[in-house]
Amino acid sequence: MQDIALEQCLSLRDNKATLVDVRSPGEFKEFTIPGSINIPLFSDEERAEIGTIYKQVSVEAAKERGLEIASAKLPALYKQFRQLDGPIVIYCWRGGMRSRTMATVMTLMGLKPYRLSGGIRSYRRWVQDSLEQYEMNVPCVVLAGHTGTGKTDMLRRLHSEGYPVLDLEELAGHRGSVFGHIGQAPNNQKMFDALLLDRLMQLELDNAAYVLLEAESRRLGKIMLPEFLMRAKQRGIVYDVHLPLPERVSNIVADYEPSKHPEAIREAFARIQRRMHTPGARAVADALRLENYGEAAALMLEHYYDSRYDHASELYDGSVHNIEAANVGEALQIIKKQLSK
């Protein structure tokens, strides 16, 4: 077993090492180093049990219970580790007992794992410090437009074609609106920050002519975008996309799939219903009750979302280019021509 610093850990990850988070599944789901796999020493329930013993009985009793649980699992854990390719880096929260136990056992069984000194806590501090000091020097090209204009779809198509794209909604696991969590797995701030920094490093923006992103507000679900990103976006060149209303409605229904999430759609609508004029709100509620989702989407655009967007382009300091198109594909072609100039 060899303890390594975070810098070496990340270098090994970039060279195809396997990072193994040995914390519980719940901890892993909440926040992990991007690209890691989870081989937990304790389940969520076992971790809670040991924690209770630690607080209510003694440290020694908690250690004994932990040893009792872990010892029965070691043969199965070794089989999992043995199947991994390349170098292995093991970590837990603080680089403490769980990672030390796992790394020691695997070393005794002939494997040669590394152990991250300071655990994932050291990684979290590095992410925070890096984002606080980050300077977005590359120009931003911002895709804007009313709800339903397919901005995220266009970004993902551009990304698949090799354009430098920063898809903030993907990183957040949230589409940004009150309905944005539906059918998604939203990330918390810690996980978003980690994914954002990881993506920025992958993009190698020092060598890019620009970076493409969507016109998001400061808040995306429960996460907050960093200040450097908001400043860079405000200075950006804006492509303001305009599509016909029926096309936008079709995009919304295809994206959100409301027939699969009827209760979640109604619950989300209830959060904005009080902000709408009564006749419009009542019409949306009736359409949702009848599961006429296209009509409900059109009414929400007319009575709520479009009016909230009308002056959004005034928030930007850079030039604004209007993109008039019949559909997402046509808008995308116009944008690609603009980018090639």
# chains A, B, ... in the order shown; residues from 1 in each chain; ligands from 1
>>> residues_around(residues="Thr32 (chain A)", least_positions_apart="4", cutoff="7 Å", atoms="only C-alpha atoms", output="list in words")
Phe28, Ser36 and Met191 of chain A
>>> residues_around(residues="region 59-76 of chain A", least_positions_apart="3", cutoff="8 Å", atoms="only C-alpha atoms", output="PyMOL selection string")
chain A and resi 41-42+46+50-51+53-55+79-80+105
>>> write_last_selection(atoms="C-alpha atoms", output="mmCIF file, in the first residue's frame")
data_model
loop_
_atom_site.group_PDB
_atom_site.id
_atom_site.type_symbol
_atom_site.label_atom_id
_atom_site.label_comp_id
_atom_site.auth_asym_id
_atom_site.auth_seq_id
_atom_site.Cartn_x
_atom_site.Cartn_y
_atom_site.Cartn_z
ATOM 1 C CA LEU A 41 -16.856 -1.526 2.980
ATOM 2 C CA PHE A 42 -20.167 -0.862 4.776
ATOM 3 C CA GLU A 46 -24.187 -0.750 8.650
ATOM 4 C CA ILE A 50 -21.602 1.759 13.684
ATOM 5 C CA GLY A 51 -22.139 5.499 14.018
ATOM 6 C CA ILE A 53 -22.528 2.658 18.644
ATOM 7 C CA TYR A 54 -19.738 5.240 18.357
ATOM 8 C CA LYS A 55 -21.947 7.966 19.829
ATOM 9 C CA LYS A 79 -12.878 -10.824 -5.756
ATOM 10 C CA GLN A 80 -14.232 -7.430 -6.839
ATOM 11 C CA VAL A 105 -6.160 -6.287 2.988
#
>>> closest_atom_pairs(of="region 11-85 of chain A", to="region 192-196 of chain A", cutoff="12 Å", atoms="only C-alpha atoms", output="Markdown table")
| residue | atom | partner | partner_atom | distance |
| --- | --- | --- | --- | --- |
| A:Glu30 | CA | A:Phe192 | CA | 10.4 |
| A:Phe31 | CA | A:Ala194 | CA | 8.5 |
| A:Thr32 | CA | A:Ala194 | CA | 8.2 |
| A:Ile33 | CA | A:Ala194 | CA | 7.0 |
| A:Pro34 | CA | A:Leu195 | CA | 6.6 |
| A:Gly35 | CA | A:Leu195 | CA | 9.8 |
>>> residues_around(residues="Glu170 (chain A)", least_positions_apart="2", cutoff="10 Å", atoms="only C-alpha atoms", output="mmCIF file with N, CA and C atoms, in the first residue's frame")
data_model
loop_
_atom_site.group_PDB
_atom_site.id
_atom_site.type_symbol
_atom_site.label_atom_id
_atom_site.label_comp_id
_atom_site.auth_asym_id
_atom_site.auth_seq_id
_atom_site.Cartn_x
_atom_site.Cartn_y
_atom_site.Cartn_z
ATOM 1 N N THR A 152 -30.788 22.984 -25.289
ATOM 2 C CA THR A 152 -30.005 21.869 -24.758
ATOM 3 C C THR A 152 -29.779 20.804 -25.827
ATOM 4 N N ARG A 156 -26.100 19.520 -27.228
ATOM 5 C CA ARG A 156 -25.670 18.118 -27.194
ATOM 6 C C ARG A 156 -25.326 17.612 -28.591
ATOM 7 N N LEU A 166 -20.100 23.390 -22.952
ATOM 8 C CA LEU A 166 -20.240 23.268 -21.509
ATOM 9 C C LEU A 166 -21.738 23.141 -21.220
ATOM 10 N N ASP A 167 -22.197 21.912 -21.042
ATOM 11 C CA ASP A 167 -23.624 21.635 -20.843
ATOM 12 C C ASP A 167 -23.931 21.680 -19.353
ATOM 13 N N LEU A 168 -24.335 22.842 -18.884
ATOM 14 C CA LEU A 168 -24.549 23.047 -17.448
ATOM 15 C C LEU A 168 -25.739 22.249 -16.931
ATOM 16 N N ALA A 172 -25.687 19.604 -13.857
ATOM 17 C CA ALA A 172 -26.565 19.809 -12.702
ATOM 18 C C ALA A 172 -27.599 18.695 -12.560
ATOM 19 N N GLY A 173 -27.862 17.960 -13.640
ATOM 20 C CA GLY A 173 -28.944 16.975 -13.614
ATOM 21 C C GLY A 173 -30.289 17.654 -13.449
ATOM 22 N N HIS A 174 -30.413 18.843 -14.069
ATOM 23 C CA HIS A 174 -31.615 19.668 -13.875
ATOM 24 C C HIS A 174 -31.752 20.589 -15.080
ATOM 25 N N ARG A 175 -32.989 20.782 -15.555
ATOM 26 C CA ARG A 175 -33.213 21.604 -16.741
ATOM 27 C C ARG A 175 -33.376 23.091 -16.430
ATOM 28 N N GLN A 184 -35.187 13.457 -14.071
ATOM 29 C CA GLN A 184 -33.751 13.665 -13.963
ATOM 30 C C GLN A 184 -33.242 13.130 -12.614
ATOM 31 N N ALA A 185 -31.929 13.144 -12.442
ATOM 32 C CA ALA A 185 -31.308 12.809 -11.156
ATOM 33 C C ALA A 185 -30.463 14.015 -10.756
ATOM 34 N N PRO A 186 -31.070 15.024 -10.120
ATOM 35 C CA PRO A 186 -30.346 16.271 -9.822
ATOM 36 C C PRO A 186 -29.142 16.049 -8.916
ATOM 37 N N ASN A 187 -28.070 16.761 -9.210
ATOM 38 C CA ASN A 187 -26.873 16.718 -8.380
ATOM 39 C C ASN A 187 -26.912 17.810 -7.328
ATOM 40 N N PHE A 192 -21.937 18.882 -8.496
ATOM 41 C CA PHE A 192 -21.916 19.790 -9.652
ATOM 42 C C PHE A 192 -20.555 20.462 -9.781
ATOM 43 N N LEU A 195 -18.018 18.029 -11.182
ATOM 44 C CA LEU A 195 -18.238 17.745 -12.598
ATOM 45 C C LEU A 195 -17.898 18.951 -13.459
ATOM 46 N N LEU A 196 -18.218 20.153 -12.965
ATOM 47 C CA LEU A 196 -17.911 21.372 -13.707
ATOM 48 C C LEU A 196 -16.406 21.532 -13.891
#
>>> select_by_dssp(residues="region 129-213 of chain A", states="strand (DSSP E or B)", output="JSON, numbers by chain")
{"A": [140, 141, 142, 143, 144, 145, 165, 211, 212, 213]}
>>> residues_around(residues="Gln2 (chain A)", least_positions_apart="4", cutoff="10 Å", atoms="only C-alpha atoms", output="number ranges by chain")
A: 89, 103-104, 107, 112-117
>>> write_last_selection(atoms="N, CA, C and O atoms", output="PDB file, in the first residue's frame")
ATOM      1  N   VAL A  89      -6.647   3.127  -7.075  1.00  0.00           N
ATOM      2  CA  VAL A  89      -6.527   4.126  -6.018  1.00  0.00           C
ATOM      3  C   VAL A  89      -7.756   4.018  -5.125  1.00  0.00           C
ATOM      4  O   VAL A  89      -8.892   4.139  -5.594  1.00  0.00           O
ATOM      5  N   ALA A 103      -7.209  -1.076   1.758  1.00  0.00           N
ATOM      6  CA  ALA A 103      -5.913  -1.085   1.078  1.00  0.00           C
ATOM      7  C   ALA A 103      -4.966  -2.103   1.706  1.00  0.00           C
ATOM      8  O   ALA A 103      -4.215  -2.788   0.995  1.00  0.00           O
ATOM      9  N   THR A 104      -4.998  -2.228   3.036  1.00  0.00           N
ATOM     10  CA  THR A 104      -4.110  -3.179   3.722  1.00  0.00           C
ATOM     11  C   THR A 104      -4.448  -4.610   3.342  1.00  0.00           C
ATOM     12  O   THR A 104      -3.557  -5.420   3.030  1.00  0.00           O
ATOM     13  N   THR A 107      -3.446  -5.357  -0.241  1.00  0.00           N
ATOM     14  CA  THR A 107      -1.988  -5.484  -0.327  1.00  0.00           C
ATOM     15  C   THR A 107      -1.545  -6.862   0.163  1.00  0.00           C
ATOM     16  O   THR A 107      -0.703  -7.528  -0.460  1.00  0.00           O
ATOM     17  N   LYS A 112      -1.538  -4.237  -5.431  1.00  0.00           N
ATOM     18  CA  LYS A 112      -0.687  -3.099  -5.082  1.00  0.00           C
ATOM     19  C   LYS A 112      -1.461  -1.784  -5.222  1.00  0.00           C
ATOM     20  O   LYS A 112      -1.154  -0.960  -6.085  1.00  0.00           O
ATOM     21  N   PRO A 113      -2.470  -1.598  -4.360  1.00  0.00           N
ATOM     22  CA  PRO A 113      -3.276  -0.378  -4.491  1.00  0.00           C
ATOM     23  C   PRO A 113      -2.567   0.844  -3.918  1.00  0.00           C
ATOM     24  O   PRO A 113      -1.707   0.751  -3.046  1.00  0.00           O
ATOM     25  N   TYR A 114      -2.969   2.007  -4.428  1.00  0.00           N
ATOM     26  CA  TYR A 114      -2.591   3.277  -3.819  1.00  0.00           C
ATOM     27  C   TYR A 114      -3.743   3.722  -2.916  1.00  0.00           C
ATOM     28  O   TYR A 114      -4.882   3.287  -3.082  1.00  0.00           O
ATOM     29  N   ARG A 115      -3.430   4.588  -1.968  1.00  0.00           N
ATOM     30  CA  ARG A 115      -4.478   5.139  -1.101  1.00  0.00           C
ATOM     31  C   ARG A 115      -4.354   6.667  -1.113  1.00  0.00           C
ATOM     32  O   ARG A 115      -3.259   7.214  -0.912  1.00  0.00           O
ATOM     33  N   LEU A 116      -5.478   7.343  -1.349  1.00  0.00           N
ATOM     34  CA  LEU A 116      -5.478   8.795  -1.422  1.00  0.00           C
ATOM     35  C   LEU A 116      -5.348   9.399  -0.031  1.00  0.00           C
ATOM     36  O   LEU A 116      -6.233   9.234   0.810  1.00  0.00           O
ATOM     37  N   SER A 117      -4.273  10.089   0.189  1.00  0.00           N
ATOM     38  CA  SER A 117      -4.051  10.753   1.475  1.00  0.00           C
ATOM     39  C   SER A 117      -5.032  11.915   1.623  1.00  0.00           C
ATOM     40  O   SER A 117      -5.187  12.726   0.720  1.00  0.00           O
TER      41      SER A 117
END
>>> residues_around(residues="region 292-301 of chain A", least_positions_apart="5", cutoff="10 Å", atoms="only C-alpha atoms", output="PDB file with N, CA and C atoms, in the first residue's frame")
ATOM      1  N   HIS A 146     -36.607  31.477 -26.056  1.00  0.00           N
ATOM      2  CA  HIS A 146     -37.751  31.125 -25.227  1.00  0.00           C
ATOM      3  C   HIS A 146     -37.740  29.638 -24.889  1.00  0.00           C
ATOM      4  N   THR A 147     -38.449  29.274 -23.850  1.00  0.00           N
ATOM      5  CA  THR A 147     -38.593  27.876 -23.452  1.00  0.00           C
ATOM      6  C   THR A 147     -39.111  27.043 -24.630  1.00  0.00           C
ATOM      7  N   GLY A 148     -38.456  25.914 -24.869  1.00  0.00           N
ATOM      8  CA  GLY A 148     -38.893  25.016 -25.933  1.00  0.00           C
ATOM      9  C   GLY A 148     -38.166  25.190 -27.249  1.00  0.00           C
ATOM     10  N   LEU A 245     -44.327  28.628 -32.244  1.00  0.00           N
ATOM     11  CA  LEU A 245     -44.916  28.097 -31.009  1.00  0.00           C
ATOM     12  C   LEU A 245     -45.238  26.605 -31.095  1.00  0.00           C
ATOM     13  N   PRO A 246     -45.891  26.115 -32.158  1.00  0.00           N
ATOM     14  CA  PRO A 246     -46.185  24.668 -32.207  1.00  0.00           C
ATOM     15  C   PRO A 246     -44.927  23.800 -32.123  1.00  0.00           C
ATOM     16  N   ARG A 248     -42.123  24.616 -30.572  1.00  0.00           N
ATOM     17  CA  ARG A 248     -41.655  24.678 -29.185  1.00  0.00           C
ATOM     18  C   ARG A 248     -42.472  23.764 -28.284  1.00  0.00           C
ATOM     19  N   VAL A 249     -43.779  23.764 -28.479  1.00  0.00           N
ATOM     20  CA  VAL A 249     -44.646  22.882 -27.681  1.00  0.00           C
ATOM     21  C   VAL A 249     -44.282  21.423 -27.922  1.00  0.00           C
ATOM     22  N   SER A 250     -44.055  21.076 -29.176  1.00  0.00           N
ATOM     23  CA  SER A 250     -43.676  19.702 -29.514  1.00  0.00           C
ATOM     24  C   SER A 250     -42.355  19.326 -28.839  1.00  0.00           C
ATOM     25  N   ASN A 251     -41.392  20.260 -28.835  1.00  0.00           N
ATOM     26  CA  ASN A 251     -40.105  19.994 -28.196  1.00  0.00           C
ATOM     27  C   ASN A 251     -40.270  19.763 -26.697  1.00  0.00           C
ATOM     28  N   ILE A 252     -41.093  20.574 -26.059  1.00  0.00           N
ATOM     29  CA  ILE A 252     -41.298  20.462 -24.604  1.00  0.00           C
ATOM     30  C   ILE A 252     -41.910  19.113 -24.249  1.00  0.00           C
ATOM     31  N   VAL A 253     -42.949  18.716 -24.977  1.00  0.00           N
ATOM     32  CA  VAL A 253     -43.625  17.443 -24.683  1.00  0.00           C
ATOM     33  C   VAL A 253     -42.670  16.269 -24.912  1.00  0.00           C
ATOM     34  N   ALA A 254     -41.867  16.352 -25.977  1.00  0.00           N
ATOM     35  CA  ALA A 254     -40.909  15.270 -26.254  1.00  0.00           C
ATOM     36  C   ALA A 254     -39.824  15.200 -25.188  1.00  0.00           C
ATOM     37  N   GLU A 257     -41.683  14.417 -21.446  1.00  0.00           N
ATOM     38  CA  GLU A 257     -42.497  13.190 -21.405  1.00  0.00           C
ATOM     39  C   GLU A 257     -43.508  13.226 -20.254  1.00  0.00           C
ATOM     40  N   PRO A 258     -44.404  14.205 -20.251  1.00  0.00           N
ATOM     41  CA  PRO A 258     -45.310  14.383 -19.110  1.00  0.00           C
ATOM     42  C   PRO A 258     -46.239  13.201 -18.851  1.00  0.00           C
ATOM     43  N   SER A 259     -46.549  12.426 -19.888  1.00  0.00           N
ATOM     44  CA  SER A 259     -47.432  11.279 -19.668  1.00  0.00           C
ATOM     45  C   SER A 259     -46.792  10.239 -18.757  1.00  0.00           C
ATOM     46  N   PRO A 262     -47.115  12.293 -14.652  1.00  0.00           N
ATOM     47  CA  PRO A 262     -48.258  13.207 -14.499  1.00  0.00           C
ATOM     48  C   PRO A 262     -48.336  13.868 -13.130  1.00  0.00           C
ATOM     49  N   ILE A 265     -45.613  16.531 -12.709  1.00  0.00           N
ATOM     50  CA  ILE A 265     -45.947  17.714 -13.516  1.00  0.00           C
ATOM     51  C   ILE A 265     -46.970  18.570 -12.779  1.00  0.00           C
ATOM     52  N   PHE A 269     -46.397  22.361 -11.353  1.00  0.00           N
ATOM     53  CA  PHE A 269     -47.263  23.466 -11.785  1.00  0.00           C
ATOM     54  C   PHE A 269     -47.866  24.202 -10.592  1.00  0.00           C
ATOM     55  N   ILE A 272     -46.026  27.281  -9.420  1.00  0.00           N
ATOM     56  CA  ILE A 272     -46.058  28.543 -10.164  1.00  0.00           C
ATOM     57  C   ILE A 272     -47.479  29.041 -10.402  1.00  0.00           C
ATOM     58  N   GLN A 273     -48.453  28.229 -10.049  1.00  0.00           N
ATOM     59  CA  GLN A 273     -49.843  28.565 -10.348  1.00  0.00           C
ATOM     60  C   GLN A 273     -50.254  29.905  -9.745  1.00  0.00           C
ATOM     61  N   MET A 276     -49.517  33.142 -11.721  1.00  0.00           N
ATOM     62  CA  MET A 276     -50.199  33.360 -12.998  1.00  0.00           C
ATOM     63  C   MET A 276     -51.551  34.022 -12.767  1.00  0.00           C
ATOM     64  N   GLY A 280     -55.743  32.071 -16.870  1.00  0.00           N
ATOM     65  CA  GLY A 280     -54.711  31.257 -17.499  1.00  0.00           C
ATOM     66  C   GLY A 280     -54.330  30.069 -16.643  1.00  0.00           C
ATOM     67  N   ALA A 281     -54.179  30.292 -15.336  1.00  0.00           N
ATOM     68  CA  ALA A 281     -53.824  29.209 -14.421  1.00  0.00           C
ATOM     69  C   ALA A 281     -54.907  28.139 -14.400  1.00  0.00           C
ATOM     70  N   ALA A 283     -56.969  27.424 -16.819  1.00  0.00           N
ATOM     71  CA  ALA A 283     -56.948  26.711 -18.098  1.00  0.00           C
ATOM     72  C   ALA A 283     -55.827  25.663 -18.121  1.00  0.00           C
ATOM     73  N   VAL A 284     -54.665  26.014 -17.569  1.00  0.00           N
ATOM     74  CA  VAL A 284     -53.564  25.044 -17.501  1.00  0.00           C
ATOM     75  C   VAL A 284     -53.953  23.871 -16.611  1.00  0.00           C
ATOM     76  N   ALA A 285     -54.541  24.174 -15.450  1.00  0.00           N
ATOM     77  CA  ALA A 285     -54.945  23.116 -14.520  1.00  0.00           C
ATOM     78  C   ALA A 285     -55.944  22.168 -15.169  1.00  0.00           C
ATOM     79  N   ASP A 286     -56.878  22.723 -15.915  1.00  0.00           N
ATOM     80  CA  ASP A 286     -57.874  21.886 -16.599  1.00  0.00           C
ATOM     81  C   ASP A 286     -57.204  21.002 -17.649  1.00  0.00           C
ATOM     82  N   ALA A 287     -56.259  21.575 -18.418  1.00  0.00           N
ATOM     83  CA  ALA A 287     -55.564  20.796 -19.445  1.00  0.00           C
ATOM     84  C   ALA A 287     -54.745  19.666 -18.820  1.00  0.00           C
ATOM     85  N   ASP A 306     -43.105  32.935 -21.546  1.00  0.00           N
ATOM     86  CA  ASP A 306     -42.646  33.869 -22.582  1.00  0.00           C
ATOM     87  C   ASP A 306     -42.490  35.293 -22.062  1.00  0.00           C
ATOM     88  N   SER A 307     -43.409  35.722 -21.237  1.00  0.00           N
ATOM     89  CA  SER A 307     -43.323  37.086 -20.706  1.00  0.00           C
ATOM     90  C   SER A 307     -42.120  37.257 -19.786  1.00  0.00           C
ATOM     91  N   ARG A 308     -41.692  36.179 -19.137  1.00  0.00           N
ATOM     92  CA  ARG A 308     -40.540  36.244 -18.242  1.00  0.00           C
ATOM     93  C   ARG A 308     -39.232  36.319 -19.026  1.00  0.00           C
TER      94      ARG A 308
END
>>> closest_residue(among="A:Glu204, A:Glu330, A:Glu227, A:Glu169", to="Val241 (chain A)", atoms="only C-alpha atoms")
A:Glu330
>>> atom_distance(atom1="CA of His303 (chain A)", atom2="CA of Thr278 (chain A)")
10.0 Å
>>> atom_distance(atom1="CA of Gly96 (chain A)", atom2="CA of Leu131 (chain A)")
26.4 Å
>>> residues_around(residues="Ser24 (chain A)", least_positions_apart="5", cutoff="10 Å", atoms="only C-alpha atoms", output="list in words")
Lys29, Asn38, Ile39, Pro40, Leu41, Phe42, Ser43, Asp44, Glu45, Glu46, Arg47, Ala48 and Cys92 of chain A
>>> atom_distance(atom1="CA of Asn322 (chain A)", atom2="CA of His242 (chain A)")
7.3 Å
>>> select_by_dssp(residues="region 88-144 of chain A", states="helix (DSSP H, G or I)", output="list in words")
Met97, Arg98, Ser99, Arg100, Thr101, Met102, Ala103, Thr104, Val105, Met106, Thr107, Leu108, Gly119, Ile120, Arg121, Ser122, Tyr123, Arg124, Arg125, Trp126, Val127, Gln128, Asp129, Ser130, Leu131, Glu132 and Gln133 of chain A
